[in-house]
Amino acid sequence: MSSVIFYFQLHQPLRLHPDRDKFLWDEENREIFLKASERSYIPAIGMFTDLIRNHPGFRITLSMSGTFLEQAQTYHPSLIQALRSLLDAGKESQQVEFLCETYYHSLASLFNDPHKQEFRDQVSLHREAIRKLFGIFPLSFRNTELIYNNSIADIVADMGYVSILCEPRENSHMGAGTGSISPNSVFRARGTHLVVIPRNIALSNDVAFRFSSHPLTPEEYAASIARGDGEVILLGYDLEHIGGHIREEKGIFDFWRGLPAALEQYPDLLVETPTSVATRFKDAPLPSLDISGLSTSSWLDVIRNTFGWLESAAQFELFKDMEGMEGVARRAGGELLTRWRNLTASDHIYYLKDRSMDEHVLCRYENPYERSTIRATQILTRKIDYLEMFIKRFEILKRTEKTPILLITPETGRLPFDMGMLAKYISGKSGGQGEVVSALCEGLLERGIDVHLATLNLKKRFQMESQMTESQWREIRYKIDPENIHLVSSAIFADNLSAYSGDPLRTAAEFQREIVNNILKIVRSKHEGRLIIHSHDWMAGGAITAYAKLTDVPVLHTVHNVFTENLPLDLLSGINLSGISDYLYYSEAYGQPCIDCQATAIKNATIINFVGKQFLREVVEDYFLDRPLVPLSVRNEVKAKYFNDAARAIINAPASSMYPENCPFLIRKYGLDDPILQAKRENLVAFQQRTGLNVNPDAILFYWPSRLDPVQKGIELLEAIAQKFVTAYPDAQIAIVGDGIGSDRTHVEIFGRIAYGSEGKIAYHRFDEALSMLGFAAANDVFGASLYEPCGQIDQVGNLFGATATNRDTGGYHDKITELRLKMDGAPQDVGNGFLFRDYDPGGLWYGLEKSIKFHRKPPAVREAQIRRIMRQCREKYDLQTMIAQYIRIYEKLNGGKPLG
């Protein structure tokens, strides 16, 4: 059985104003968009909505550029509603698919950057626009004008898409080099699982370009499609050909209205979408498609390469000028970055082309500048020059007027790409502290705030996570401008896999010495002495905050955990300790004078912040006096700040990368509008296969994603009950993904033995980011047994991924977990997101897990509804922007009540 895909492109560029002092040509953009909407978009979308409702076997696929959607919202909002109605009409039978593409219909995929960062970012911007407007997350992709090569396919596959459309070239070869791409075939992108679907050029152009002079009947076209051999016939058109390029009086609307019925005369012909094709061929053996960069294909020219944009000297030079501006534009951010991205649109470069072969393009690039390529070249050149000038002015203004935030932290999670090209390779988290740092970076950069980050250069860890050799890492480290990322390097900790492994005292001394002697001075000098420090945890305290106090730099210190270290003074050689002596909190340890790093940080901070209200209360109100958990020095300094109104509590919010629709490590991504339990079952099976658990999609998976910490996390309670629990509840499985504490392998070895003897019902693996995140997607319940908890984030992430949360009623878990109660069980309404227990003993943990398993044995329909509610409420309650706004209020208070710039 062969199939056919009907794919339509909707794109309008934001045209550049011909006048010197204006950037976008708003009047022209509005006039063209409204004219196209009235003639084509509105009536065509309305027609397809009716066809979808009346013909259950008919399907269409649309791809809309971000600039199209932007103009639709501004100039013709009813067009957005029409697209929503179309999507709704086909929702039940999955008859309508929206694709992802670059937001600006840009040529970013042709940039030389091997990591294609700007391409990735524009795709992410488009994906977010589709999510906000239509509540969906596209699974399939089309690049600008179907530009395709191996490196583009690698990026698209890495971003989680299942299929990509492409344009075949005569010299495009399959993996074995056996010949050119055969029409109507389906391929696998070289070295990936990505399904590649080439367009049928001739059949597409029969309608898109030849219909006006050689009109077809629906029956003739359906017969031509049915005669096509092969697996999938992809037909691609610019939607504007319906009523726009081909006027209604030519019969184009009648043609499309009659086509679904004509296709129904061929019952062996299936109408599909790209994602349904990818699903059908997911595990099928497919020929590998191998298109090198030199053979990049597109549908712009008869040769089907990129000459439409890069053929003439003027085109190539202006393209390289735009490409060369990427770094400064990204650093400038805000409106200047948006303007530069508008320049990357393929339309502006194509206007410089001397010849036009309309039959060989999908979207018609109509030169708005009196059809003069010379005029188009002048305008684009001028806009590039002016933008470069404005960015240079902005950089000077930025350096002289903005107050930067310097985040000082021994660990960080995955950094946002806007931190610079080096950000992709920096991630060394040990727990929730790393996640909140990465979320802060993301949120502050989105608000245009100048953010710097000082952290440890855990070279071996970074190399492992990036899968790089030593020479590859050197290539990155010394050839990429670190921009606002300040790595502290030392042989003392270069081979450590976490900030706190190895010798943490020597690590802390090296960290504090470099920041005091160099990094603080470098960042302040760029901003005429202005700076706000946001320090995190004990290692970023000590001499750093004392020096900040001496030099009148305001400090916000976040207490992620009350643990401290006493740092011997003799390790801090090279720091002028006498100058900061009055600001140090001295202690005795190891038989020598030391600095109490956490107490010193709290003492010198202008404001301290706890990451949970309950834990701050527990410290101030003298909880845990029977255990050596909160050092007296720390407790006293916290009380001093609290009673002087200098203590705050801001609950951590997860970064956007922690959402299941964005997480790159899942087998199947999913969001609120997807079948959640089905997606989790697929991720569960993959997790079971990777961890050695028995493969059972119906198992109830309890997931422990925390470190094996006997002091705080209660790992010994789990050791006491794990095997008994899975024996008592045969449908339960337990998985632990986490490292031991420092070099202590006691609990690693204990759980290794427990897992080995469980016969596939318990699994233990050391921390690996990809496996850890897949575990959240697989889990029914994310649990722990904390004795105390400043915040904890595993419950939040578990809820985001559609799992309940079980933990002890303490600290951050008291703040965030409420008991799950259902109307069907007699509660007034459905409330709660998990299960709490009080007693810190094995029986308490058993009690909590037992409550959870009762819920997860309920019918799937009940669980699906509750999980969806929990996911939605978690997003609403722990919104990143809300957290950032709370931090910004503190920063502005530290900045004398003034905005940061």
# chains A, B, ... in the order shown; residues from 1 in each chain; ligands from 1
>>> select_by_dssp(residues="range 513-720 of chain A", states="strand (DSSP E)", output="number ranges by chain")
A: 532-536, 555-559, 566-568, 586-589, 592-596, 607-610, 647-649, 700-704
>>> closest_atom_pairs(of="range 81-182 of chain A", to="range 655-679 of chain A", cutoff="10 Å", atoms="only C-alpha atoms", output="CSV")
residue,atom,partner,partner_atom,distance
A:Ser124,CA,A:Asn662,CA,9.2
A:Arg127,CA,A:Asn662,CA,9.6
A:Glu128,CA,A:Asn662,CA,9.8
A:Arg131,CA,A:Gly671,CA,9.8
A:Gly135,CA,A:Asp673,CA,7.1
A:Ile136,CA,A:Asp673,CA,6.8
A:Phe137,CA,A:Glu661,CA,7.1
A:Pro138,CA,A:Glu661,CA,9.8
A:Leu139,CA,A:Lys669,CA,8.9
A:Ala157,CA,A:Pro664,CA,9.7
A:Asp158,CA,A:Pro664,CA,7.1
A:Met159,CA,A:Pro664,CA,6.1
A:Gly160,CA,A:Pro664,CA,6.1
A:Tyr161,CA,A:Lys669,CA,9.5
A:Val162,CA,A:Arg668,CA,9.7
>>> select_by_dssp(residues="range 70-302 of chain A", states="alpha helix (DSSP H)", output="MDAnalysis selection string")
chainID A and resid 70:75 77:89 117:134 150:158 201:208 218:227 252:263 274:280
>>> write_last_selection(atoms="C-alpha atoms", output="mmCIF file, in the first residue's frame")
data_model
loop_
_atom_site.group_PDB
_atom_site.id
_atom_site.type_symbol
_atom_site.label_atom_id
_atom_site.label_comp_id
_atom_site.auth_asym_id
_atom_site.auth_seq_id
_atom_site.Cartn_x
_atom_site.Cartn_y
_atom_site.Cartn_z
ATOM 1 C CA GLU A 70 3.845 36.953 14.175
ATOM 2 C CA GLN A 71 2.169 38.951 11.411
ATOM 3 C CA ALA A 72 -1.022 36.907 11.675
ATOM 4 C CA GLN A 73 -1.313 37.841 15.358
ATOM 5 C CA THR A 74 -0.643 41.511 14.574
ATOM 6 C CA TYR A 75 -2.537 42.059 11.323
ATOM 7 C CA PRO A 77 -5.818 37.549 14.523
ATOM 8 C CA SER A 78 -8.816 35.682 13.090
ATOM 9 C CA LEU A 79 -6.324 33.751 10.951
ATOM 10 C CA ILE A 80 -4.828 32.224 14.102
ATOM 11 C CA GLN A 81 -8.325 31.206 15.174
ATOM 12 C CA ALA A 82 -8.945 29.677 11.747
ATOM 13 C CA LEU A 83 -5.782 27.590 12.132
ATOM 14 C CA ARG A 84 -6.926 26.471 15.591
ATOM 15 C CA SER A 85 -10.294 25.458 14.161
ATOM 16 C CA LEU A 86 -8.537 23.459 11.449
ATOM 17 C CA LEU A 87 -6.404 21.704 14.074
ATOM 18 C CA ASP A 88 -9.466 20.975 16.219
ATOM 19 C CA ALA A 89 -11.397 19.569 13.250
ATOM 20 C CA GLN A 117 23.669 26.968 17.738
ATOM 21 C CA GLU A 118 21.698 29.713 16.031
ATOM 22 C CA PHE A 119 19.841 27.134 13.967
ATOM 23 C CA ARG A 120 18.959 25.268 17.165
ATOM 24 C CA ASP A 121 17.798 28.448 18.865
ATOM 25 C CA GLN A 122 15.574 29.520 15.980
ATOM 26 C CA VAL A 123 14.020 26.055 15.883
ATOM 27 C CA SER A 124 13.401 26.276 19.638
ATOM 28 C CA LEU A 125 11.799 29.711 19.204
ATOM 29 C CA HIS A 126 9.478 28.285 16.571
ATOM 30 C CA ARG A 127 8.609 25.271 18.696
ATOM 31 C CA GLU A 128 7.721 27.562 21.598
ATOM 32 C CA ALA A 129 5.564 29.766 19.333
ATOM 33 C CA ILE A 130 3.617 26.706 18.166
ATOM 34 C CA ARG A 131 3.193 25.567 21.761
ATOM 35 C CA LYS A 132 1.899 28.927 22.944
ATOM 36 C CA LEU A 133 -0.486 29.466 20.018
ATOM 37 C CA PHE A 134 -1.779 25.941 19.490
ATOM 38 C CA ASN A 150 23.944 15.295 6.930
ATOM 39 C CA SER A 151 24.899 17.874 9.563
ATOM 40 C CA ILE A 152 21.420 19.427 9.513
ATOM 41 C CA ALA A 153 19.878 15.976 9.899
ATOM 42 C CA ASP A 154 22.168 15.272 12.874
ATOM 43 C CA ILE A 155 20.964 18.413 14.672
ATOM 44 C CA VAL A 156 17.302 17.748 13.877
ATOM 45 C CA ALA A 157 17.599 14.182 15.160
ATOM 46 C CA ASP A 158 19.399 15.401 18.286
ATOM 47 C CA ILE A 201 8.853 17.495 -7.635
ATOM 48 C CA ALA A 202 6.898 16.795 -10.808
ATOM 49 C CA LEU A 203 3.557 15.976 -9.222
ATOM 50 C CA SER A 204 3.853 18.968 -6.869
ATOM 51 C CA ASN A 205 4.528 21.376 -9.720
ATOM 52 C CA ASP A 206 1.605 20.024 -11.769
ATOM 53 C CA VAL A 207 -0.617 21.969 -9.375
ATOM 54 C CA ALA A 208 1.618 24.650 -7.866
ATOM 55 C CA PRO A 218 -9.297 16.257 -9.204
ATOM 56 C CA GLU A 219 -9.873 12.856 -10.824
ATOM 57 C CA GLU A 220 -6.877 13.245 -13.144
ATOM 58 C CA TYR A 221 -4.602 14.268 -10.280
ATOM 59 C CA ALA A 222 -5.812 11.466 -8.018
ATOM 60 C CA ALA A 223 -5.146 8.972 -10.813
ATOM 61 C CA SER A 224 -1.602 10.317 -11.288
ATOM 62 C CA ILE A 225 -0.941 9.962 -7.566
ATOM 63 C CA ALA A 226 -2.390 6.433 -7.489
ATOM 64 C CA ARG A 227 -0.130 5.395 -10.391
ATOM 65 C CA ILE A 252 -8.143 26.155 -7.951
ATOM 66 C CA PHE A 253 -10.622 26.043 -5.044
ATOM 67 C CA ASP A 254 -12.897 23.678 -6.946
ATOM 68 C CA PHE A 255 -9.916 21.458 -7.641
ATOM 69 C CA TRP A 256 -9.003 21.090 -3.988
ATOM 70 C CA ARG A 257 -12.622 20.691 -2.884
ATOM 71 C CA GLY A 258 -13.004 17.749 -5.238
ATOM 72 C CA LEU A 259 -9.673 16.022 -4.522
ATOM 73 C CA PRO A 260 -10.539 14.149 -1.268
ATOM 74 C CA ALA A 261 -13.533 12.445 -2.910
ATOM 75 C CA ALA A 262 -11.424 11.600 -5.962
ATOM 76 C CA LEU A 263 -8.769 10.016 -3.748
ATOM 77 C CA PRO A 274 5.058 12.994 8.139
ATOM 78 C CA THR A 275 4.783 11.797 11.730
ATOM 79 C CA SER A 276 2.444 8.928 10.858
ATOM 80 C CA VAL A 277 4.945 7.878 8.166
ATOM 81 C CA ALA A 278 7.795 8.070 10.698
ATOM 82 C CA THR A 279 5.793 5.927 13.107
ATOM 83 C CA ARG A 280 5.032 3.352 10.420
#
>>> closest_atom_pairs(of="range 825-892 of chain A", to="range 527-549 of chain A", cutoff="10 Å", atoms="only C-alpha atoms", output="JSON lines")
{"residue": "A:Tyr887", "atom": "CA", "partner": "A:His534", "partner_atom": "CA", "distance": 10.0}
{"residue": "A:Tyr891", "atom": "CA", "partner": "A:Ile532", "partner_atom": "CA", "distance": 7.3}
{"residue": "A:Glu892", "atom": "CA", "partner": "A:Ile532", "partner_atom": "CA", "distance": 9.6}
>>> closest_residue(among="A:Val726, A:Ile607, A:Ile242, A:Ala314", to="Ile890 in chain A", atoms="only C-alpha atoms")
A:Ile607
>>> residues_around(residues="range 596-599 of chain A", least_positions_apart="4", cutoff="9 Å", atoms="only C-alpha atoms", output="ChimeraX atom specification")
/A:537-543,559,562-567,584-588,603-604,631,633-638
>>> write_last_selection(atoms="N, CA and C atoms", output="PDB file, in the first residue's frame")
ATOM      1  N   ASP A 537      26.155  28.220  48.222  1.00  0.00           N
ATOM      2  CA  ASP A 537      26.688  27.146  49.046  1.00  0.00           C
ATOM      3  C   ASP A 537      28.030  27.541  49.685  1.00  0.00           C
ATOM      4  N   TRP A 538      28.546  26.662  50.546  1.00  0.00           N
ATOM      5  CA  TRP A 538      29.699  26.995  51.377  1.00  0.00           C
ATOM      6  C   TRP A 538      30.964  27.255  50.571  1.00  0.00           C
ATOM      7  N   MET A 539      31.146  26.529  49.479  1.00  0.00           N
ATOM      8  CA  MET A 539      32.399  26.658  48.731  1.00  0.00           C
ATOM      9  C   MET A 539      32.537  28.042  48.100  1.00  0.00           C
ATOM     10  N   ALA A 540      31.399  28.697  47.829  1.00  0.00           N
ATOM     11  CA  ALA A 540      31.427  30.048  47.272  1.00  0.00           C
ATOM     12  C   ALA A 540      31.408  31.112  48.366  1.00  0.00           C
ATOM     13  N   GLY A 541      31.538  30.688  49.631  1.00  0.00           N
ATOM     14  CA  GLY A 541      31.552  31.631  50.757  1.00  0.00           C
ATOM     15  C   GLY A 541      32.975  31.974  51.148  1.00  0.00           C
ATOM     16  N   GLY A 542      33.260  31.854  52.432  1.00  0.00           N
ATOM     17  CA  GLY A 542      34.633  32.061  52.897  1.00  0.00           C
ATOM     18  C   GLY A 542      35.237  33.370  52.450  1.00  0.00           C
ATOM     19  N   ALA A 543      36.439  33.285  51.869  1.00  0.00           N
ATOM     20  CA  ALA A 543      37.197  34.475  51.495  1.00  0.00           C
ATOM     21  C   ALA A 543      36.481  35.315  50.449  1.00  0.00           C
ATOM     22  N   VAL A 559      21.425  29.705  50.529  1.00  0.00           N
ATOM     23  CA  VAL A 559      21.765  28.551  51.357  1.00  0.00           C
ATOM     24  C   VAL A 559      21.027  27.337  50.783  1.00  0.00           C
ATOM     25  N   VAL A 562      22.735  23.473  54.724  1.00  0.00           N
ATOM     26  CA  VAL A 562      23.383  24.103  55.878  1.00  0.00           C
ATOM     27  C   VAL A 562      24.761  23.517  56.174  1.00  0.00           C
ATOM     28  N   PHE A 563      25.184  22.540  55.405  1.00  0.00           N
ATOM     29  CA  PHE A 563      26.505  21.951  55.601  1.00  0.00           C
ATOM     30  C   PHE A 563      27.577  23.030  55.420  1.00  0.00           C
ATOM     31  N   THR A 564      28.640  22.958  56.204  1.00  0.00           N
ATOM     32  CA  THR A 564      29.759  23.881  56.053  1.00  0.00           C
ATOM     33  C   THR A 564      31.062  23.104  56.049  1.00  0.00           C
ATOM     34  N   GLU A 565      32.142  23.785  55.710  1.00  0.00           N
ATOM     35  CA  GLU A 565      33.491  23.227  55.830  1.00  0.00           C
ATOM     36  C   GLU A 565      34.378  24.260  56.506  1.00  0.00           C
ATOM     37  N   ASN A 566      35.277  23.755  57.317  1.00  0.00           N
ATOM     38  CA  ASN A 566      36.277  24.601  57.962  1.00  0.00           C
ATOM     39  C   ASN A 566      37.554  24.538  57.137  1.00  0.00           C
ATOM     40  N   LEU A 567      37.870  25.638  56.503  1.00  0.00           N
ATOM     41  CA  LEU A 567      38.965  25.692  55.538  1.00  0.00           C
ATOM     42  C   LEU A 567      40.235  26.202  56.233  1.00  0.00           C
ATOM     43  N   LEU A 584      35.925  37.605  58.527  1.00  0.00           N
ATOM     44  CA  LEU A 584      35.977  36.149  58.506  1.00  0.00           C
ATOM     45  C   LEU A 584      35.366  35.567  59.773  1.00  0.00           C
ATOM     46  N   TYR A 585      34.720  34.424  59.643  1.00  0.00           N
ATOM     47  CA  TYR A 585      34.206  33.686  60.799  1.00  0.00           C
ATOM     48  C   TYR A 585      35.224  32.574  61.078  1.00  0.00           C
ATOM     49  N   TYR A 586      36.060  32.795  62.113  1.00  0.00           N
ATOM     50  CA  TYR A 586      37.144  31.861  62.390  1.00  0.00           C
ATOM     51  C   TYR A 586      36.634  30.646  63.153  1.00  0.00           C
ATOM     52  N   SER A 587      37.321  29.536  62.947  1.00  0.00           N
ATOM     53  CA  SER A 587      36.975  28.299  63.654  1.00  0.00           C
ATOM     54  C   SER A 587      38.249  27.495  63.857  1.00  0.00           C
ATOM     55  N   GLU A 588      38.119  26.429  64.626  1.00  0.00           N
ATOM     56  CA  GLU A 588      39.238  25.506  64.854  1.00  0.00           C
ATOM     57  C   GLU A 588      38.839  24.132  64.331  1.00  0.00           C
ATOM     58  N   LYS A 603      27.348  35.584  57.250  1.00  0.00           N
ATOM     59  CA  LYS A 603      27.725  36.789  57.999  1.00  0.00           C
ATOM     60  C   LYS A 603      27.902  38.000  57.079  1.00  0.00           C
ATOM     61  N   ASN A 604      28.538  37.797  55.921  1.00  0.00           N
ATOM     62  CA  ASN A 604      28.872  38.921  55.045  1.00  0.00           C
ATOM     63  C   ASN A 604      27.810  39.232  54.002  1.00  0.00           C
ATOM     64  N   PRO A 631      25.186  23.261  61.908  1.00  0.00           N
ATOM     65  CA  PRO A 631      26.273  23.758  62.759  1.00  0.00           C
ATOM     66  C   PRO A 631      25.804  24.988  63.545  1.00  0.00           C
ATOM     67  N   SER A 633      27.360  27.582  64.375  1.00  0.00           N
ATOM     68  CA  SER A 633      27.791  28.824  63.719  1.00  0.00           C
ATOM     69  C   SER A 633      26.797  29.247  62.647  1.00  0.00           C
ATOM     70  N   VAL A 634      26.361  28.289  61.840  1.00  0.00           N
ATOM     71  CA  VAL A 634      25.423  28.581  60.765  1.00  0.00           C
ATOM     72  C   VAL A 634      24.063  28.967  61.340  1.00  0.00           C
ATOM     73  N   ARG A 635      23.605  28.219  62.342  1.00  0.00           N
ATOM     74  CA  ARG A 635      22.297  28.520  62.923  1.00  0.00           C
ATOM     75  C   ARG A 635      22.272  29.944  63.503  1.00  0.00           C
ATOM     76  N   ASN A 636      23.326  30.321  64.211  1.00  0.00           N
ATOM     77  CA  ASN A 636      23.360  31.649  64.825  1.00  0.00           C
ATOM     78  C   ASN A 636      23.398  32.761  63.781  1.00  0.00           C
ATOM     79  N   GLU A 637      24.191  32.560  62.707  1.00  0.00           N
ATOM     80  CA  GLU A 637      24.257  33.593  61.667  1.00  0.00           C
ATOM     81  C   GLU A 637      22.933  33.703  60.907  1.00  0.00           C
ATOM     82  N   VAL A 638      22.269  32.580  60.681  1.00  0.00           N
ATOM     83  CA  VAL A 638      20.950  32.616  60.023  1.00  0.00           C
ATOM     84  C   VAL A 638      19.956  33.369  60.899  1.00  0.00           C
TER      85      VAL A 638
END
>>> atom_distance(atom1="CA of Gln472 in chain A", atom2="CA of Gly327 in chain A")
21.4 Å
>>> atom_distance(atom1="CA of Asp622 in chain A", atom2="CA of Tyr878 in chain A")
28.2 Å
>>> atom_distance(atom1="CA of Ala722 in chain A", atom2="CA of Asp841 in chain A")
13.2 Å
>>> closest_atom_pairs(of="range 555-667 of chain A", to="range 402-408 of chain A", cutoff="12 Å", atoms="only C-alpha atoms", output="CSV")
residue,atom,partner,partner_atom,distance
A:Val555,CA,A:Leu406,CA,9.7
A:Leu556,CA,A:Leu407,CA,9.6
A:His557,CA,A:Ile408,CA,9.5
A:Thr558,CA,A:Ile408,CA,10.3
A:Ala601,CA,A:Ile408,CA,11.9
>>> residues_around(residues="range 768-771 of chain A", least_positions_apart="2", cutoff="8 Å", atoms="only C-alpha atoms", output="ChimeraX atom specification")
/A:665,687,737-738,766,773-775
>>> write_last_selection(atoms="N, CA and C atoms", output="PDB file, in the first residue's frame")
ATOM      1  N   PHE A 665      16.520  13.640  26.179  1.00  0.00           N
ATOM      2  CA  PHE A 665      16.965  12.287  26.505  1.00  0.00           C
ATOM      3  C   PHE A 665      15.838  11.259  26.498  1.00  0.00           C
ATOM      4  N   PHE A 687      13.867   2.579  29.656  1.00  0.00           N
ATOM      5  CA  PHE A 687      14.612   2.680  30.921  1.00  0.00           C
ATOM      6  C   PHE A 687      14.896   1.289  31.483  1.00  0.00           C
ATOM      7  N   VAL A 737      19.282   6.025  40.554  1.00  0.00           N
ATOM      8  CA  VAL A 737      20.319   6.598  39.701  1.00  0.00           C
ATOM      9  C   VAL A 737      20.953   7.739  40.477  1.00  0.00           C
ATOM     10  N   GLY A 738      22.135   7.507  41.016  1.00  0.00           N
ATOM     11  CA  GLY A 738      22.794   8.534  41.818  1.00  0.00           C
ATOM     12  C   GLY A 738      24.155   8.058  42.283  1.00  0.00           C
ATOM     13  N   ARG A 766      25.140   4.512  38.640  1.00  0.00           N
ATOM     14  CA  ARG A 766      25.718   5.800  39.026  1.00  0.00           C
ATOM     15  C   ARG A 766      25.063   6.900  38.186  1.00  0.00           C
ATOM     16  N   MET A 773      17.305  11.556  33.529  1.00  0.00           N
ATOM     17  CA  MET A 773      16.109  12.213  33.000  1.00  0.00           C
ATOM     18  C   MET A 773      15.142  11.203  32.396  1.00  0.00           C
ATOM     19  N   LEU A 774      15.650  10.171  31.754  1.00  0.00           N
ATOM     20  CA  LEU A 774      14.770   9.122  31.243  1.00  0.00           C
ATOM     21  C   LEU A 774      14.029   8.454  32.400  1.00  0.00           C
ATOM     22  N   GLY A 775      14.699   8.332  33.553  1.00  0.00           N
ATOM     23  CA  GLY A 775      14.055   7.742  34.722  1.00  0.00           C
ATOM     24  C   GLY A 775      12.835   8.528  35.168  1.00  0.00           C
TER      25      GLY A 775
END
